[in-house]
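One file, input_28.cif, is given below (mmCIF, C-alpha atoms).
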```cif
data_target
loop_
_atom_site.label_atom_id
_atom_site.label_comp_id
_atom_site.auth_asym_id
_atom_site.auth_seq_id
_atom_site.Cartn_x
_atom_site.Cartn_y
_atom_site.Cartn_z
CA ASP A 1 46.25 -48.95 -20.52
CA GLY A 2 43.13 -46.99 -19.67
CA GLY A 3 40.45 -48.66 -17.67
CA ILE A 4 38.74 -49.31 -14.38
CA THR A 5 40.24 -51.36 -11.60
CA GLN A 6 38.43 -52.88 -8.67
CA SER A 7 40.12 -54.52 -5.78
CA PRO A 8 40.10 -57.03 -4.38
CA LYS A 9 38.48 -59.58 -6.68
CA TYR A 10 37.18 -61.59 -3.73
CA LEU A 11 36.46 -60.27 -0.26
CA PHE A 12 35.34 -62.13 2.84
CA ARG A 13 34.03 -60.49 5.99
CA LYS A 14 32.29 -61.39 9.18
CA GLU A 15 28.81 -60.11 9.81
CA GLY A 16 28.80 -56.79 11.65
CA GLN A 17 31.98 -55.47 10.04
CA ASN A 18 32.14 -52.57 7.64
CA VAL A 19 34.08 -53.21 4.45
CA THR A 20 35.30 -50.84 1.73
CA LEU A 21 35.50 -51.77 -1.93
CA SER A 22 37.95 -49.92 -4.10
CA CYS A 23 37.27 -48.48 -7.56
CA GLU A 24 39.79 -46.49 -9.58
CA GLN A 25 39.59 -45.22 -13.16
CA ASN A 26 42.15 -43.54 -15.39
CA LEU A 27 39.73 -42.71 -18.21
CA ASN A 28 39.30 -39.11 -17.04
CA HIS A 29 35.58 -39.72 -16.68
CA ASP A 30 33.48 -37.35 -14.62
CA ALA A 31 30.76 -39.84 -13.69
CA MET A 32 31.18 -43.00 -11.64
CA TYR A 33 28.69 -45.62 -10.47
CA TRP A 34 28.29 -48.55 -8.14
CA TYR A 35 25.99 -51.44 -8.95
CA ARG A 36 25.03 -54.54 -7.09
CA GLN A 37 24.36 -57.74 -9.00
CA ASP A 38 22.43 -60.69 -7.64
CA PRO A 39 21.47 -63.79 -9.64
CA GLY A 40 18.39 -63.20 -11.74
CA GLN A 41 18.07 -59.54 -10.76
CA GLY A 42 20.32 -57.78 -13.20
CA LEU A 43 22.17 -54.66 -12.06
CA ARG A 44 20.81 -52.38 -9.38
CA LEU A 45 22.24 -48.91 -8.86
CA ILE A 46 23.59 -48.18 -5.39
CA TYR A 47 25.19 -44.74 -5.75
CA TYR A 48 26.47 -42.54 -8.51
CA SER A 49 28.59 -39.44 -8.74
CA GLN A 50 28.67 -36.93 -11.56
CA ILE A 51 31.44 -34.77 -10.18
CA VAL A 52 34.02 -34.70 -7.41
CA ASN A 53 32.62 -34.12 -3.93
CA ASP A 54 29.07 -34.85 -5.04
CA PHE A 55 27.09 -38.09 -5.23
CA GLN A 56 23.48 -39.26 -5.33
CA LYS A 57 21.65 -42.27 -4.00
CA GLY A 58 20.53 -44.90 -6.42
CA ASP A 59 17.73 -47.40 -6.02
CA ILE A 60 19.27 -49.43 -3.18
CA ALA A 61 21.50 -47.04 -1.20
CA GLU A 62 20.44 -48.16 2.28
CA GLY A 63 23.34 -49.71 4.17
CA TYR A 64 25.98 -48.30 1.80
CA SER A 65 28.09 -45.15 1.76
CA VAL A 66 30.47 -43.59 -0.77
CA SER A 67 32.91 -40.75 -1.14
CA ARG A 68 34.28 -38.93 -4.17
CA GLU A 69 37.30 -36.95 -3.04
CA LYS A 70 39.20 -37.50 -6.27
CA LYS A 71 38.00 -37.72 -9.84
CA GLU A 72 39.60 -41.10 -10.38
CA SER A 73 38.40 -42.80 -7.18
CA PHE A 74 34.94 -43.78 -5.91
CA PRO A 75 35.17 -46.20 -2.96
CA LEU A 76 32.07 -47.97 -1.67
CA THR A 77 31.63 -48.90 1.99
CA VAL A 78 29.27 -51.70 2.83
CA THR A 79 28.18 -51.05 6.38
CA SER A 80 26.88 -53.41 9.01
CA ALA A 81 23.44 -51.89 8.39
CA GLN A 82 23.21 -53.60 5.01
CA LYS A 83 20.98 -56.60 5.68
CA ASN A 84 22.11 -58.80 2.86
CA PRO A 85 25.58 -57.69 1.73
CA THR A 86 26.76 -60.87 0.00
CA ALA A 87 26.74 -60.03 -3.73
CA PHE A 88 28.82 -59.15 -6.76
CA TYR A 89 29.64 -55.44 -6.89
CA LEU A 90 30.43 -53.62 -10.11
CA CYS A 91 31.91 -50.18 -10.52
CA ALA A 92 31.51 -48.20 -13.74
CA SER A 93 32.45 -44.82 -15.14
CA SER A 94 31.39 -42.66 -18.05
CA ARG A 95 31.58 -39.20 -19.47
CA ALA A 96 28.90 -37.00 -17.96
CA GLY A 97 25.43 -37.52 -19.36
CA GLY A 98 23.23 -40.55 -19.96
CA SER A 99 24.06 -40.63 -23.65
CA TYR A 100 27.54 -41.95 -22.99
CA GLU A 101 28.32 -45.60 -22.51
CA GLN A 102 29.45 -46.83 -19.15
CA TYR A 103 32.70 -48.73 -18.79
CA PHE A 104 32.80 -51.43 -16.17
CA GLY A 105 35.44 -52.78 -13.87
CA PRO A 106 35.96 -56.52 -13.32
CA GLY A 107 33.86 -56.58 -10.14
CA THR A 108 34.35 -57.59 -6.51
CA ARG A 109 32.59 -60.58 -5.04
CA LEU A 110 31.82 -59.92 -1.40
CA THR A 111 30.89 -62.75 0.93
CA VAL A 112 29.72 -61.97 4.44
CA THR A 113 29.25 -64.80 6.90
CA ALA B 1 9.40 -44.25 -15.29
CA GLN B 2 12.05 -45.62 -17.55
CA SER B 3 12.36 -49.39 -17.74
CA VAL B 4 13.92 -52.12 -19.79
CA THR B 5 12.44 -55.56 -20.30
CA GLN B 6 14.29 -58.60 -21.52
CA PRO B 7 11.54 -61.20 -21.81
CA ASP B 8 13.81 -64.21 -22.21
CA ILE B 9 15.61 -65.24 -19.03
CA HIS B 10 17.50 -68.03 -20.73
CA ILE B 11 18.07 -69.04 -24.36
CA THR B 12 19.79 -72.11 -25.76
CA VAL B 13 21.02 -72.22 -29.34
CA SER B 14 23.18 -74.57 -31.35
CA GLU B 15 26.57 -73.43 -32.50
CA GLY B 16 26.28 -71.96 -35.97
CA ALA B 17 22.61 -71.09 -35.58
CA SER B 18 21.29 -67.55 -35.66
CA LEU B 19 20.48 -65.65 -32.51
CA GLU B 20 18.03 -62.93 -31.54
CA LEU B 21 17.79 -61.54 -28.03
CA ARG B 22 14.81 -59.35 -27.29
CA CYS B 23 14.80 -56.01 -25.53
CA ASN B 24 11.88 -53.65 -24.99
CA TYR B 25 12.15 -50.27 -23.32
CA SER B 26 9.86 -47.69 -21.87
CA TYR B 27 11.12 -44.15 -22.24
CA GLY B 28 9.34 -40.96 -23.20
CA ALA B 29 12.03 -39.30 -25.26
CA THR B 30 14.48 -40.59 -27.84
CA PRO B 31 16.42 -43.27 -26.00
CA TYR B 32 20.08 -44.03 -25.91
CA LEU B 33 20.28 -47.81 -26.14
CA PHE B 34 23.07 -50.21 -25.34
CA TRP B 35 23.82 -53.91 -25.31
CA TYR B 36 26.42 -55.35 -22.95
CA VAL B 37 27.84 -58.85 -22.52
CA GLN B 38 29.08 -60.39 -19.29
CA SER B 39 31.11 -63.55 -18.92
CA PRO B 40 30.82 -65.37 -15.57
CA GLY B 41 32.50 -63.50 -12.74
CA GLN B 42 33.51 -60.62 -15.00
CA GLY B 43 32.49 -57.05 -15.62
CA LEU B 44 30.28 -55.92 -18.49
CA GLN B 45 31.64 -55.25 -21.96
CA LEU B 46 29.88 -52.94 -24.40
CA LEU B 47 28.74 -54.70 -27.58
CA LEU B 48 27.06 -51.80 -29.35
CA LYS B 49 25.07 -48.63 -28.86
CA TYR B 50 22.38 -46.62 -30.58
CA PHE B 51 22.13 -42.85 -30.28
CA SER B 52 20.50 -41.66 -33.49
CA GLY B 53 20.59 -42.11 -37.24
CA ASP B 54 20.68 -45.50 -38.88
CA THR B 55 18.44 -47.84 -36.92
CA LEU B 56 20.63 -50.87 -37.62
CA VAL B 57 23.84 -50.67 -35.65
CA GLN B 58 26.86 -52.89 -35.88
CA GLY B 59 28.89 -53.90 -32.87
CA ILE B 60 31.83 -56.00 -31.89
CA LYS B 61 32.08 -59.80 -32.19
CA GLY B 62 29.71 -59.86 -35.18
CA PHE B 63 26.65 -58.59 -33.29
CA GLU B 64 24.12 -56.13 -34.59
CA ALA B 65 20.95 -54.58 -33.20
CA GLU B 66 17.96 -52.86 -34.73
CA PHE B 67 16.10 -49.98 -33.14
CA LYS B 68 12.37 -50.03 -33.84
CA ARG B 69 10.66 -47.00 -32.38
CA SER B 70 7.15 -48.23 -33.22
CA GLN B 71 7.75 -51.38 -31.18
CA SER B 72 9.96 -49.79 -28.49
CA SER B 73 12.44 -52.53 -29.17
CA PHE B 74 16.18 -52.90 -29.60
CA ASN B 75 16.79 -56.56 -30.37
CA LEU B 76 20.28 -58.01 -30.59
CA ARG B 77 21.14 -60.40 -33.41
CA LYS B 78 23.98 -62.54 -34.64
CA PRO B 79 23.82 -64.61 -37.84
CA SER B 80 25.97 -67.49 -36.59
CA VAL B 81 26.67 -68.13 -32.93
CA HIS B 82 30.02 -69.37 -31.68
CA TRP B 83 30.55 -71.38 -28.49
CA SER B 84 32.44 -68.39 -27.05
CA ASP B 85 29.26 -66.30 -27.22
CA ALA B 86 27.85 -68.14 -24.22
CA ALA B 87 27.39 -65.42 -21.61
CA GLU B 88 24.86 -63.09 -20.00
CA TYR B 89 23.55 -60.27 -22.15
CA PHE B 90 22.14 -57.02 -20.82
CA CYS B 91 20.17 -54.33 -22.59
CA ALA B 92 20.26 -50.81 -21.16
CA VAL B 93 18.69 -47.43 -21.80
CA GLY B 94 20.34 -44.15 -20.91
CA GLU B 95 18.56 -40.92 -20.14
CA ASN B 96 19.31 -37.98 -22.38
CA THR B 97 19.20 -35.81 -19.28
CA GLY B 98 20.99 -36.92 -16.19
CA ASN B 99 23.41 -39.77 -15.88
CA GLN B 100 21.40 -42.84 -15.08
CA PHE B 101 21.25 -46.07 -16.98
CA TYR B 102 18.44 -48.57 -16.66
CA PHE B 103 19.38 -52.19 -17.18
CA GLY B 104 17.25 -55.17 -18.08
CA THR B 105 17.47 -58.27 -15.95
CA GLY B 106 19.60 -60.03 -18.54
CA THR B 107 19.35 -63.02 -20.85
CA SER B 108 21.61 -66.00 -20.26
CA LEU B 109 22.80 -67.63 -23.48
CA THR B 110 23.87 -71.25 -23.67
CA VAL B 111 25.49 -72.53 -26.85
CA ILE B 112 25.39 -76.26 -27.52
CA PRO B 113 27.74 -77.98 -29.93
#
```
Just dump the structure as structure tokens.
Amino acid sequence: DGGITQSPKYLFRKEGQNVTLSCEQNLNHDAMYWYRQDPGQGLRLIYYSQIVNDFQKGDIAEGYSVSREKKESFPLTVTSAQKNPTAFYLCASSRAGGSYEQYFGPGTRLTVT
Amino acid sequence: AQSVTQPDIHITVSEGASLELRCNYSYGATPYLFWYVQSPGQGLQLLLKYFSGDTLVQGIKGFEAEFKRSQSSFNLRKPSVHWSDAAEYFCAVGENTGNQFYFGTGTSLTVIP
């Protein structure tokens, strides 16, 4: 089955630790995205990548980093510099271009204490 | 700048009643418009999309949406709501250049028996 996988579903970390969230897609999509979702705030774009080895900052990139070494993978690292990391994180992918719909993974809920 | 407004944070309807969720967008060119649904703790699922042509588009699960350029709106409708439709609904606009989507803040739908 084609789709997007995110792992793990739930993630717990202590404050001050970096943590990496996994996102893999087998849809052969060029573009991939990371969003953060907080209650009442909708989806906010963290980073996106239109092609391998290239990515751009979204609206809330501070405290996050990404890599795109393979077309199918776009891991997100939440660093200790992120002031408020507890949130629901969604990964998405699409064909290149804003006219194409984005397909979403099931999300990872990160809790930092 | 592009933006999407969903004026209703929360809507409650009775099962079997009709539903209309509002979405207004701000975009200079012809927009690409989408509606997504999200069940609690899950990713987003595409309900329908508008690119061009017929302004009334049909989607999955019995939903439809109408694009009205004069009102900059793309409202989602369903003639008869089922209890399983209770979820969060997001409207989004995609750029026709570049890869970014802009999401509304969502409308939470409660269905009462």
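Atom CA of A:Val78 to atom CA of A:Ala61 spans 9.9 Å [interatomic distance, one decimal].
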Checklist entry - Could you name the residues that touch stretch 52-56 of chain A at 8 Å or less, counting only C-alpha atoms, but leaving out those on the same chain fewer than 2 positions away, as a ChimeraX atom specification? => result /A:30,47-50,58,66-71
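Distances here use all atoms listed in the file; by that measure, the residue among B:Gly53, B:Pro31, B:Gly43, B:Pro113 closest to chain A is B:Gly43.
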Next on the checklist: If the PyMOL selection byres ((chain A) within 7 of (chain B)) were run on this exact file, what residues would it hold? Put them as number ranges by chain.
Outcome noted: A: 40-43, 90, 96-99, 104-107
Evaluate the PyMOL selection byres ((chain B and resi 54) around 12) on the structure here and hand back the selected residues as a PDB file with C-alpha atoms, keeping the file's coordinate frame.
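As a result, out07.pdb now contains:
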```pdb
ATOM      1  CA  LYS B  49      25.070 -48.630 -28.860  1.00  0.00           C
ATOM      2  CA  TYR B  50      22.380 -46.620 -30.580  1.00  0.00           C
ATOM      3  CA  PHE B  51      22.130 -42.850 -30.280  1.00  0.00           C
ATOM      4  CA  SER B  52      20.500 -41.660 -33.490  1.00  0.00           C
ATOM      5  CA  GLY B  53      20.590 -42.110 -37.240  1.00  0.00           C
ATOM      6  CA  THR B  55      18.440 -47.840 -36.920  1.00  0.00           C
ATOM      7  CA  LEU B  56      20.630 -50.870 -37.620  1.00  0.00           C
ATOM      8  CA  VAL B  57      23.840 -50.670 -35.650  1.00  0.00           C
ATOM      9  CA  GLN B  58      26.860 -52.890 -35.880  1.00  0.00           C
ATOM     10  CA  GLU B  64      24.120 -56.130 -34.590  1.00  0.00           C
ATOM     11  CA  ALA B  65      20.950 -54.580 -33.200  1.00  0.00           C
ATOM     12  CA  GLU B  66      17.960 -52.860 -34.730  1.00  0.00           C
ATOM     13  CA  PHE B  67      16.100 -49.980 -33.140  1.00  0.00           C
ATOM     14  CA  LYS B  68      12.370 -50.030 -33.840  1.00  0.00           C
TER      15      LYS B  68
END
```
Next on the checklist: Can you tell me which residues surround B:Leu109 at a distance of at most 12 Å, considering all atoms listed in the file, apart from same-chain residues fewer than 5 positions away, and format the answer as a ChimeraX atom specification?
Outcome noted: /B:8-15,19-21,37-40,81-90
Checklist entry - Of the candidates B:Phe63, B:Ser80, B:Val111, B:Ser73, which shows the shortest atom-to-atom distance to B:Arg22, using all atoms listed in the file? => result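 Closest residue, counting all atoms listed in the file: B:Ser73.
Our summary of the geometry notes that atom CA of A:Lys57 is positioned 25.5 Å from atom CA of A:Lys14.
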